[in-house]
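Chemist: Input query.txt, format and content: compact mmCIF, C-alpha atoms and all ligand atoms.
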# COMPACT_ATOMS: atom_id res chain seq x y z
CA MET G 4 -116.78 23.68 82.21
CA ARG G 5 -118.16 22.03 85.38
CA LYS G 6 -119.54 23.74 88.45
CA ILE G 7 -120.29 22.88 92.08
CA SER G 8 -121.81 24.95 94.85
CA LEU G 9 -119.26 26.05 97.47
CA SER G 10 -121.54 24.55 100.09
CA ASN G 11 -120.68 21.15 98.58
CA LEU G 12 -116.93 21.70 98.48
CA ASP G 13 -116.34 19.16 101.24
CA LYS G 14 -118.17 16.50 99.22
CA LEU G 15 -115.92 17.29 96.26
CA PHE G 16 -112.80 17.05 98.40
CA ALA G 17 -114.02 13.77 99.93
CA LYS G 18 -114.56 12.30 96.46
CA VAL G 19 -111.09 13.34 95.32
CA SER G 20 -109.62 11.90 98.53
CA GLU G 21 -111.07 8.51 97.70
CA GLN G 22 -108.78 8.39 94.68
CA ALA G 23 -105.58 10.03 95.88
CA LYS G 24 -104.11 12.06 98.70
CA LEU G 25 -105.48 15.58 98.44
CA TYR G 26 -103.65 18.66 99.70
CA VAL G 27 -105.34 22.03 100.14
CA PRO G 28 -104.14 25.39 101.55
CA VAL G 29 -105.06 25.66 105.23
CA ASP G 30 -104.65 28.57 107.66
CA GLY G 31 -102.16 27.88 110.43
CA LYS G 32 -100.98 29.84 113.43
CA ASN G 33 -100.18 33.56 112.90
CA GLY G 34 -102.22 33.55 109.69
CA ILE G 35 -99.62 31.49 107.83
CA ALA G 36 -101.26 29.32 105.19
CA SER G 37 -99.68 26.08 104.03
CA PHE G 38 -100.73 22.99 102.10
CA LYS G 39 -102.10 20.24 104.34
CA LEU G 40 -103.58 16.84 103.75
CA TRP G 41 -107.34 17.16 103.43
CA GLU G 42 -109.51 15.07 105.72
CA ASP G 43 -112.99 15.53 107.04
CA GLY G 44 -113.17 18.82 108.97
CA VAL G 45 -110.23 20.52 107.26
CA VAL G 46 -111.23 23.97 105.99
CA MET G 47 -109.60 25.51 102.96
CA SER G 48 -107.82 28.81 103.52
CA ASN G 49 -109.00 32.03 101.90
CA ALA G 50 -105.45 33.42 101.90
CA LEU G 51 -104.15 34.66 98.58
CA ASN G 52 -101.26 32.22 98.72
CA THR G 53 -99.33 29.85 100.95
CA THR G 54 -96.17 31.14 102.63
CA ARG G 55 -94.14 28.29 101.21
CA SER G 56 -94.92 27.42 97.64
CA ALA G 57 -96.21 24.16 96.22
CA LYS G 58 -92.72 23.32 94.96
CA ASP G 59 -92.33 21.24 98.16
CA PHE G 60 -94.52 18.56 96.59
CA PHE G 61 -92.08 17.92 93.76
CA PHE G 62 -88.83 19.07 95.33
CA PRO G 63 -89.24 18.56 99.11
CA GLN G 64 -87.11 20.48 101.59
CA THR G 65 -85.47 17.22 102.66
CA GLU G 66 -85.72 13.74 101.20
CA ASN G 67 -83.92 10.45 101.56
CA LEU G 68 -82.39 9.32 98.29
CA MET G 69 -81.04 5.86 99.21
CA GLU G 70 -79.29 3.83 101.88
CA PHE G 71 -76.07 1.82 101.81
CA LYS G 72 -75.07 -1.14 103.92
CA SER G 73 -71.60 -2.62 103.73
CA GLN G 74 -70.26 -5.97 104.77
CA GLY G 75 -66.61 -6.58 104.03
CA LYS G 76 -66.06 -5.52 100.45
CA ASN G 77 -69.75 -5.75 99.53
CA ILE G 78 -71.98 -2.71 99.44
CA GLU G 79 -75.74 -3.11 99.32
CA ILE G 80 -77.72 -0.19 97.91
CA ILE G 81 -81.22 0.02 99.38
CA ASP G 82 -83.97 1.78 97.44
CA THR G 83 -85.82 4.07 99.85
CA ARG G 84 -87.95 5.90 97.31
CA THR G 85 -91.23 7.22 98.63
CA GLU G 86 -92.56 9.16 95.64
CA LYS G 87 -94.86 6.39 94.47
CA GLU G 88 -98.36 7.57 95.33
CA ASP G 89 -100.78 9.62 93.27
CA PHE G 90 -101.67 12.96 94.82
CA VAL G 91 -103.71 16.05 94.02
CA ILE G 92 -102.79 19.61 95.00
CA PHE G 93 -105.78 21.92 95.05
CA GLY G 94 -105.57 25.71 94.96
CA VAL G 95 -102.20 26.34 93.33
CA ARG G 96 -101.98 29.93 92.14
CA ALA G 97 -100.96 30.96 88.61
CA CYS G 98 -97.46 32.08 89.64
CA ASP G 99 -96.70 28.80 91.39
CA VAL G 100 -98.05 26.73 88.49
CA LYS G 101 -95.65 28.58 86.21
CA SER G 102 -92.79 27.84 88.62
CA PHE G 103 -93.14 24.13 87.80
CA GLU G 104 -92.23 24.89 84.19
CA ILE G 105 -89.07 26.59 85.41
CA LEU G 106 -88.20 23.70 87.73
CA ASP G 107 -88.97 21.18 84.96
CA ARG G 108 -86.26 22.67 82.78
CA VAL G 109 -83.75 22.01 85.55
CA PHE G 110 -84.87 18.65 86.91
CA LEU G 111 -86.22 17.05 83.73
CA SER G 112 -83.25 17.93 81.52
CA GLU G 113 -80.66 15.19 81.02
CA PRO G 114 -79.68 13.65 83.33
CA VAL G 115 -83.29 13.52 84.52
CA ASP G 116 -83.83 13.77 88.27
CA THR G 117 -85.99 10.67 88.65
CA TYR G 118 -87.23 11.63 92.12
CA TYR G 119 -88.64 14.89 90.80
CA ALA G 120 -89.86 13.22 87.60
CA SER G 121 -91.85 10.58 89.54
CA ARG G 122 -93.57 13.23 91.60
CA ARG G 123 -94.43 15.28 88.52
CA GLU G 124 -95.95 12.17 86.99
CA LYS G 125 -97.94 11.28 90.10
CA GLY G 126 -99.17 14.78 90.96
CA VAL G 127 -102.33 16.39 89.59
CA ILE G 128 -102.39 20.18 89.85
CA VAL G 129 -105.68 21.96 90.34
CA SER G 130 -104.97 25.67 90.04
CA LEU G 131 -107.13 28.46 91.42
CA ALA G 132 -107.57 31.90 89.88
CA CYS G 133 -106.54 34.76 92.19
CA GLY G 134 -109.72 36.59 93.22
CA ARG G 135 -107.80 39.28 95.11
CA PRO G 136 -104.21 39.78 93.86
CA ALA G 137 -102.10 41.72 96.37
CA GLU G 138 -99.85 44.78 96.20
CA THR G 139 -96.77 42.55 96.19
CA CYS G 140 -97.94 40.63 93.09
CA PHE G 141 -96.23 41.19 89.72
CA CYS G 142 -96.77 37.92 87.88
CA LYS G 143 -97.93 39.82 84.78
CA THR G 144 -94.37 41.14 84.43
CA PHE G 145 -93.47 37.58 83.48
CA GLY G 146 -96.47 37.04 81.20
CA ILE G 147 -98.53 35.11 83.76
CA ASP G 148 -102.29 35.63 83.91
CA PRO G 149 -103.63 35.21 87.47
CA ALA G 150 -107.17 35.01 86.08
CA SER G 151 -106.38 31.98 83.91
CA PRO G 152 -103.83 29.82 85.69
CA GLU G 153 -102.53 26.72 83.97
CA GLY G 154 -102.38 23.26 85.62
CA ASP G 155 -104.22 20.01 84.96
CA ILE G 156 -107.48 21.62 86.03
CA THR G 157 -108.19 25.33 86.43
CA ALA G 158 -110.65 26.41 89.12
CA TRP G 159 -112.41 29.73 89.63
CA LYS G 160 -114.15 30.53 92.89
CA THR G 161 -117.10 32.95 92.83
CA GLU G 162 -119.22 34.04 95.82
CA THR G 163 -121.36 30.93 95.51
CA ASP G 164 -119.73 28.37 93.24
CA LEU G 165 -116.54 26.69 92.14
CA TYR G 166 -115.99 26.35 88.39
CA LEU G 167 -113.63 23.70 87.05
CA LYS G 168 -112.10 23.27 83.61
CA ALA G 169 -109.74 20.45 82.61
CA ASN G 170 -106.63 21.32 80.61
CA THR G 171 -104.82 17.98 80.37
CA GLU G 172 -105.59 14.28 80.14
CA LYS G 173 -104.87 13.88 83.87
CA GLY G 174 -107.22 16.77 84.60
CA GLU G 175 -109.98 15.36 82.37
CA LYS G 176 -109.78 12.01 84.14
CA LEU G 177 -110.08 13.58 87.57
CA LEU G 178 -112.87 15.92 86.54
CA ALA G 179 -114.81 13.09 84.88
CA SER G 180 -114.66 11.17 88.16
CA LEU G 181 -116.47 14.08 89.82
CA ASN G 182 -119.32 14.24 87.30
CA GLU G 183 -121.93 13.00 89.76
CA LEU G 184 -121.21 15.92 92.08
CA THR G 185 -120.79 18.64 89.49
CA GLU G 186 -123.04 20.10 86.82
CA GLU G 187 -122.47 21.95 83.57
CA GLY G 188 -121.43 25.53 84.34
CA CYS G 189 -121.72 28.52 82.03
CA GLU G 190 -118.62 30.45 81.02
CA GLN G 191 -120.19 33.82 81.77
CA ALA G 192 -119.54 33.81 85.51
CA VAL G 193 -115.92 32.87 84.89
CA GLU G 194 -115.50 35.56 82.22
CA GLU G 195 -116.92 38.09 84.67
CA GLN G 196 -114.40 37.05 87.30
CA LYS G 197 -111.54 37.23 84.81
CA LYS G 198 -112.54 40.84 84.05
CA ASN G 199 -112.60 41.70 87.77
CA ILE G 200 -109.17 40.18 88.35
CA SER G 201 -107.76 42.02 85.37
CA ALA G 202 -109.18 45.31 86.70
CA ILE G 203 -107.45 44.72 90.07
CA MET G 204 -104.16 43.86 88.35
CA ASP G 205 -104.29 47.14 86.42
CA LYS G 206 -104.37 49.07 89.69
CA LEU G 207 -101.52 47.30 91.48
CA PRO G 208 -98.36 49.30 92.23
CA LEU G 209 -96.05 46.93 90.31
CA LYS G 210 -98.21 46.76 87.19
CA ASP G 211 -95.62 48.61 85.06
CA LEU G 212 -92.56 46.60 86.09
CA LYS G 213 -90.85 45.38 82.93
CA THR G 214 -88.26 42.76 82.04
CA ASP G 215 -87.01 44.50 78.85
CA LYS G 216 -83.69 45.45 80.41
CA PHE G 217 -82.91 41.89 81.48
CA GLY G 218 -82.60 38.48 79.91
CA VAL G 219 -80.33 36.94 77.30
CA GLY G 220 -76.85 38.42 76.86
CA LYS G 221 -76.89 40.89 79.77
CA THR G 222 -74.11 39.39 81.87
CA GLN G 223 -71.45 41.89 80.83
CA GLU G 224 -73.79 44.83 81.35
CA TYR G 225 -74.72 44.01 84.92
CA PHE G 226 -72.07 41.75 86.41
CA ASN G 227 -69.71 44.56 87.43
CA SER G 228 -72.37 47.16 88.12
CA PRO G 229 -71.44 49.34 91.13
CA ALA G 230 -75.09 49.08 92.21
CA TRP G 231 -74.49 45.62 93.71
CA ASP G 232 -72.52 47.19 96.60
CA GLU G 233 -75.46 49.20 97.87
CA LEU G 234 -78.11 46.62 96.98
CA SER G 235 -76.35 43.89 98.93
CA SER G 236 -74.93 46.00 101.75
CA HIS G 237 -77.57 45.02 104.33
CA CYS G 238 -78.25 41.46 103.21
CA LEU G 239 -78.13 39.18 106.26
CA GLY G 240 -77.50 36.04 104.22
CA CYS G 241 -80.46 34.46 106.01
CA GLY G 242 -81.66 32.60 102.90
CA THR G 243 -85.33 33.37 103.57
CA CYS G 244 -85.81 34.70 100.04
CA THR G 245 -84.52 31.45 98.55
CA PHE G 246 -86.55 29.20 100.82
CA VAL G 247 -89.88 30.88 100.10
CA CYS G 248 -89.13 31.24 96.40
CA PRO G 249 -91.04 28.79 94.18
CA THR G 250 -88.29 28.74 91.55
CA CYS G 251 -85.12 28.44 93.68
CA GLN G 252 -83.72 24.96 93.29
CA CYS G 253 -80.28 24.79 94.95
CA TYR G 254 -79.71 21.71 97.07
CA ASP G 255 -77.03 19.80 98.91
CA VAL G 256 -76.51 16.00 99.05
CA LYS G 257 -75.13 14.51 102.24
CA ASP G 258 -74.41 11.10 103.71
CA PHE G 259 -75.39 10.35 107.28
CA ASN G 260 -73.99 7.42 109.25
CA THR G 261 -76.87 5.82 111.12
CA GLY G 262 -74.63 3.36 112.97
CA SER G 263 -76.03 0.44 111.01
CA GLY G 264 -75.52 1.90 107.55
CA VAL G 265 -75.36 5.12 105.60
CA LYS G 266 -78.32 7.24 104.54
CA ARG G 267 -77.96 9.61 101.61
CA PHE G 268 -80.31 12.56 101.68
CA ARG G 269 -80.68 15.87 99.98
CA CYS G 270 -81.93 19.13 101.39
CA TRP G 271 -82.51 22.62 100.11
CA ASP G 272 -79.49 24.87 100.13
CA SER G 273 -79.18 28.57 99.40
CA CYS G 274 -76.80 30.56 97.21
CA MET G 275 -77.10 33.25 99.89
CA TYR G 276 -75.19 31.07 102.40
CA SER G 277 -71.47 31.48 102.97
CA ASP G 278 -70.81 27.73 102.77
CA PHE G 279 -72.71 27.27 99.52
CA THR G 280 -70.24 26.30 96.74
CA LEU G 281 -67.58 25.80 99.41
CA MET G 282 -64.89 23.52 98.00
CA ALA G 283 -61.56 22.14 99.26
CA HIS G 284 -59.72 25.18 97.90
CA GLY G 285 -62.17 27.65 99.43
CA ASN G 286 -65.27 29.44 98.20
CA SER G 287 -65.75 30.81 94.72
CA ARG G 288 -68.00 33.54 96.12
CA ASN G 289 -66.30 35.04 99.11
CA SER G 290 -68.48 38.02 99.92
CA GLN G 291 -72.19 38.46 100.54
CA LYS G 292 -72.20 40.87 97.60
CA GLU G 293 -71.10 38.06 95.26
CA ARG G 294 -73.69 35.69 96.71
CA PHE G 295 -76.45 38.29 96.48
CA ARG G 296 -75.47 39.12 92.89
CA GLN G 297 -75.54 35.41 92.01
CA ARG G 298 -79.14 35.01 93.14
CA PHE G 299 -80.51 37.92 91.16
CA MET G 300 -78.29 37.45 88.11
CA HIS G 301 -79.45 33.85 88.00
CA LYS G 302 -83.12 34.84 88.02
CA LEU G 303 -82.79 37.70 85.56
CA VAL G 304 -79.87 36.87 83.28
CA TYR G 305 -78.23 33.43 83.61
CA TYR G 306 -81.40 31.35 83.62
CA PRO G 307 -82.89 33.18 80.61
CA ASP G 308 -79.51 32.85 78.88
CA ASN G 309 -79.76 29.07 79.18
CA ASN G 310 -83.51 28.68 78.76
CA ASP G 311 -84.65 30.46 75.63
CA GLY G 312 -85.20 33.76 77.41
CA MET G 313 -87.43 32.37 80.17
CA PHE G 314 -86.92 34.22 83.48
CA SER G 315 -86.72 32.27 86.71
CA CYS G 316 -88.97 34.56 88.70
CA VAL G 317 -92.76 34.31 88.59
CA GLY G 318 -93.56 37.52 90.45
CA CYS G 319 -95.20 35.75 93.38
CA GLY G 320 -94.10 38.52 95.74
CA ARG G 321 -92.98 36.20 98.54
CA CYS G 322 -89.49 37.69 98.77
CA LEU G 323 -91.07 41.16 98.94
CA ALA G 324 -93.16 40.11 101.90
CA LYS G 325 -90.60 38.03 103.78
CA CYS G 326 -87.12 39.56 103.53
CA PRO G 327 -86.24 40.95 106.99
CA ILE G 328 -84.45 43.95 105.45
CA SER G 329 -87.05 44.58 102.74
CA MET G 330 -84.66 43.82 99.92
CA ASN G 331 -86.06 41.96 96.93
CA ILE G 332 -86.00 41.30 93.21
CA VAL G 333 -88.21 44.29 92.43
CA LYS G 334 -85.70 46.68 94.05
CA VAL G 335 -82.92 45.00 92.08
CA MET G 336 -84.85 45.34 88.81
CA LYS G 337 -85.69 48.98 89.49
CA THR G 338 -82.13 49.86 90.44
CA LEU G 339 -80.39 48.04 87.60
CA GLY G 340 -83.11 48.68 85.03
CA GLY G 341 -83.10 52.43 85.61
CA LYS G 342 -85.91 54.97 85.39
CA GLU G 343 -88.15 53.01 83.01
CA ASN G 344 -88.62 50.41 85.71
CA ASP G 345 -89.54 52.90 88.43
S1 LIG F 1 -82.06 39.31 100.48
FE1 LIG F 1 -83.20 39.38 102.43
S2 LIG F 1 -84.17 37.36 102.66
FE2 LIG F 1 -82.55 37.16 101.09
S3 LIG F 1 -80.74 36.47 102.25
FE3 LIG F 1 -80.61 38.72 102.15
S4 LIG F 1 -81.63 39.42 104.03
FE4 LIG F 1 -82.21 37.25 103.79
S1 LIG F 2 -87.68 35.95 93.25
FE1 LIG F 2 -89.24 36.60 94.75
S2 LIG F 2 -91.01 37.24 93.49
FE2 LIG F 2 -89.64 36.04 92.16
S3 LIG F 2 -90.46 33.97 92.25
FE3 LIG F 2 -88.84 34.11 93.82
S4 LIG F 2 -89.92 34.71 95.73
FE4 LIG F 2 -91.33 35.07 94.01
Could I get this file's structure written as structure tokens?
Modeler:
Amino acid sequence: MRKISLSNLDKLFAKVSEQAKLYVPVDGKNGIASFKLWEDGVVMSNALNTTRSAKDFFFPQTENLMEFKSQGKNIEIIDTRTEKEDFVIFGVRACDVKSFEILDRVFLSEPVDTYYASRREKGVIVSLACGRPAETCFCKTFGIDPASPEGDITAWKTETDLYLKANTEKGEKLLASLNELTEEGCEQAVEEQKKNISAIMDKLPLKDLKTDKFGVGKTQEYFNSPAWDELSSHCLGCGTCTFVCPTCQCYDVKDFNTGSGVKRFRCWDSCMYSDFTLMAHGNSRNSQKERFRQRFMHKLVYYPDNNDGMFSCVGCGRCLAKCPISMNIVKVMKTLGGKEND
């Protein structure tokens, strides 16, 4: 366990920046925090979490995949990959770290998504324990401990110091490079903080939310539930819940004619949109109810069905905070799961 005084945090960030691009959460306008490149003068946010998750670093909202140029019958494929640099993300919360495991199962399964895989290889994740979990948090429902986040390095911030512990080879290498700035830290302060975080978690309103009623083999039970009518009746199909969600991974691939060639790019898509899954014969999900059901069935039933029972929600609470009609996965779980989930 290493430790550094918070008053020297800038020195730590500067040292990391010498080795790789460093991104930290920074407060923006209207109190919205987001990850930004650290440079001298950038101040780390104290917000509990960023509005958009750290999934952007591995699965960006838009990215160019390749370019084509044709001359006669010849087509030249131009490699436009950009995911070649090492980078460090500092301050990723426990829920978002867990989301990478969920995304890995999608993007690193055969056929491997090499764009995502390169970024996972290049990125070092420094997680940060949640000092003040919020009322919208329910990560514990999915077995996540906000006091002991995973990642290459785990960090804990006390009133005066930052404690750092390496969990992987990548993390050990980075932490070793900071030895001149850090000193040996005792576990006691960290254990104390873990206890405090646990005490806050035990008081949160969603502490008793359970997943027992969901998971493997529940498709028949819930697919035709009459509850979907009411649950989805006010959904605007805006897609906000999918865009802020750290585990949503739908995307579209499009070609764009630049005039001198063709660019192929991909961008996030949303199962909540009416043109998602649109095919030549029409759409397989014609109503907002079907689209709404798809999103929540995927998180609570289909994904676990295909991934050894793992749910594809991490309880980050973003959809609770951001849906314009206050609809979210917790309401779905409480409605479908019945009284025990109330
Ligand atoms: S559930 Fe809410 S955030 Fe998601 S698409 Fe519907 S209205 Fe938008
Ligand atoms: S469904 Fe909602 S609470 Fe769950 S991971 Fe996505 S945004 Fe977070």
Chemist: Excluding G:Thr117 and its own-chain neighbours fewer than 4 positions away, which residues fall within 12 Å of it when counting only C-alpha atoms? Please give them as a PyMOL selection string.
Modeler: chain G and resi 61-62+68+84-87+107+109-113+121-124
Chemist: What separation in Å, quoted to one decimal, exists between atom CA of G:Lys213 and atom CA of G:Gly340?
Modeler: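 So the answer is 8.7 Å.
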Chemist: Write out as a tab-separated table (two decimals) with C-alpha atoms, keeping the file's coordinate frame each polymer residue (protein, DNA or RNA) that has an atom no more than 7 Å from ligand LIG 1 (chain F), with only C-alpha atoms and all ligand atoms counted.
Modeler:
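What ended up in pocket_24.tsv:
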chain	number	residue	atom	x	y	z
G	237	HIS	CA	-77.57	45.02	104.33
G	238	CYS	CA	-78.25	41.46	103.21
G	239	LEU	CA	-78.13	39.18	106.26
G	240	GLY	CA	-77.50	36.04	104.22
G	241	CYS	CA	-80.46	34.46	106.01
G	242	GLY	CA	-81.66	32.60	102.90
G	243	THR	CA	-85.33	33.37	103.57
G	244	CYS	CA	-85.81	34.70	100.04
G	245	THR	CA	-84.52	31.45	98.55
G	275	MET	CA	-77.10	33.25	99.89
G	295	PHE	CA	-76.45	38.29	96.48
G	322	CYS	CA	-89.49	37.69	98.77
G	325	LYS	CA	-90.60	38.03	103.78
G	326	CYS	CA	-87.12	39.56	103.53
G	327	PRO	CA	-86.24	40.95	106.99
G	328	ILE	CA	-84.45	43.95	105.45
G	329	SER	CA	-87.05	44.58	102.74
G	330	MET	CA	-84.66	43.82	99.92
G	331	ASN	CA	-86.06	41.96	96.93
Chemist: Quick one: distance from atom CA of G:Ala202 to atom CA of G:Pro136 in Å, one decimal?
Modeler: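 Separating atom CA of G:Ala202 from atom CA of G:Pro136 is a distance of 10.3 Å.
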Chemist: Pull the closest atom pair for each residue of chain G that gets at most 8 Å from ligand LIG 2 (chain F), along with the distance in Å to one decimal, counting all atoms listed in the file, ordering rows by chain and then ascending residue number, as a Markdown table.
Modeler:
| residue | atom | partner | partner_atom | distance |
| --- | --- | --- | --- | --- |
| G:Cys98 | CA | F:LIG2 | S3 | 7.7 |
| G:Ser102 | CA | F:LIG2 | S3 | 7.5 |
| G:Cys140 | CA | F:LIG2 | S2 | 7.7 |
| G:Phe141 | CA | F:LIG2 | S2 | 7.6 |
| G:Cys244 | CA | F:LIG2 | S4 | 6.0 |
| G:Thr245 | CA | F:LIG2 | S4 | 6.9 |
| G:Val247 | CA | F:LIG2 | S4 | 5.8 |
| G:Cys248 | CA | F:LIG2 | S4 | 3.6 |
| G:Pro249 | CA | F:LIG2 | S3 | 5.6 |
| G:Thr250 | CA | F:LIG2 | S3 | 5.7 |
| G:Cys251 | CA | F:LIG2 | FE3 | 6.8 |
| G:Phe299 | CA | F:LIG2 | S1 | 7.7 |
| G:Lys302 | CA | F:LIG2 | S1 | 7.0 |
| G:Ser315 | CA | F:LIG2 | S3 | 6.9 |
| G:Cys316 | CA | F:LIG2 | FE2 | 3.8 |
| G:Val317 | CA | F:LIG2 | S3 | 4.3 |
| G:Gly318 | CA | F:LIG2 | S2 | 4.0 |
| G:Cys319 | CA | F:LIG2 | FE4 | 4.0 |
| G:Gly320 | CA | F:LIG2 | S2 | 4.0 |
| G:Arg321 | CA | F:LIG2 | S4 | 4.4 |
| G:Cys322 | CA | F:LIG2 | FE1 | 4.2 |
| G:Leu323 | CA | F:LIG2 | FE1 | 6.5 |
| G:Asn331 | CA | F:LIG2 | FE1 | 6.6 |
| G:Ile332 | CA | F:LIG2 | S1 | 5.6 |
| G:Val333 | CA | F:LIG2 | S2 | 7.7 |
Chemist: Out of G:Thr65, G:Ser235, G:Gln196, G:Thr53, which residue has the shortest atom-to-atom distance to G:Val335 when counting only C-alpha atoms?
Modeler: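 Counting only C-alpha atoms, the residue closest to G:Val335 is G:Ser235.
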Chemist: Using only C-alpha atoms, determine which residues lie at most 6 Å from G:Lys168, disregarding the query and same-chain residues fewer than 5 positions distant; provide the list as an mmCIF file with C-alpha atoms, in the frame of the given file.
Modeler:
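Wrote out-v2.cif, looks like this:
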data_model
loop_
_atom_site.group_PDB
_atom_site.id
_atom_site.type_symbol
_atom_site.label_atom_id
_atom_site.label_comp_id
_atom_site.auth_asym_id
_atom_site.auth_seq_id
_atom_site.Cartn_x
_atom_site.Cartn_y
_atom_site.Cartn_z
ATOM 1 C CA MET G 4 -116.780 23.680 82.210
ATOM 2 C CA ILE G 156 -107.480 21.620 86.030
ATOM 3 C CA THR G 157 -108.190 25.330 86.430
#
Chemist: G:Lys32, G:Lys72, G:Leu184, G:Leu12: which is nearest G:Met47, counting all atoms listed in the file?
Modeler: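 Looking only at the distances to G:Met47, the closest residue turns out to be G:Leu12.
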Chemist: What does the distance from atom CA of G:Ile128 to atom CA of G:Tyr26 come to in Å, to one decimal?
Modeler: 10.0 Å
Chemist: Hey, which of G:Ile7, G:Asp205, G:Phe60, G:Leu281 ends up closest to G:Ala137? Count only C-alpha atoms.
Modeler: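 Of G:Ile7, G:Asp205, G:Phe60, G:Leu281, the one nearest G:Ala137, counting only C-alpha atoms, is G:Asp205.
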Chemist: Smallest atom-to-atom distance to G:Gly126: which of G:Glu79, G:Glu66, G:Asp232, G:Asp155, using all atoms listed in the file?
Modeler: G:Asp155
Chemist: Any chance you could work out the axis-aligned box around stretch 284-294 of chain G, listed atoms only, 6 Å on each side, giving centre and edge lengths in Å to one decimal, as AutoDock Vina command-line options?
Modeler:
--center_x -66.7 --center_y 33.0 --center_z 97.6 --size_x 26.0 --size_y 27.7 --size_z 17.8
Chemist: For G:Gly174, which of G:Asp30, G:Glu153, G:Glu194, G:Glu88 is the closest residue, counting only C-alpha atoms?
Modeler: G:Glu153
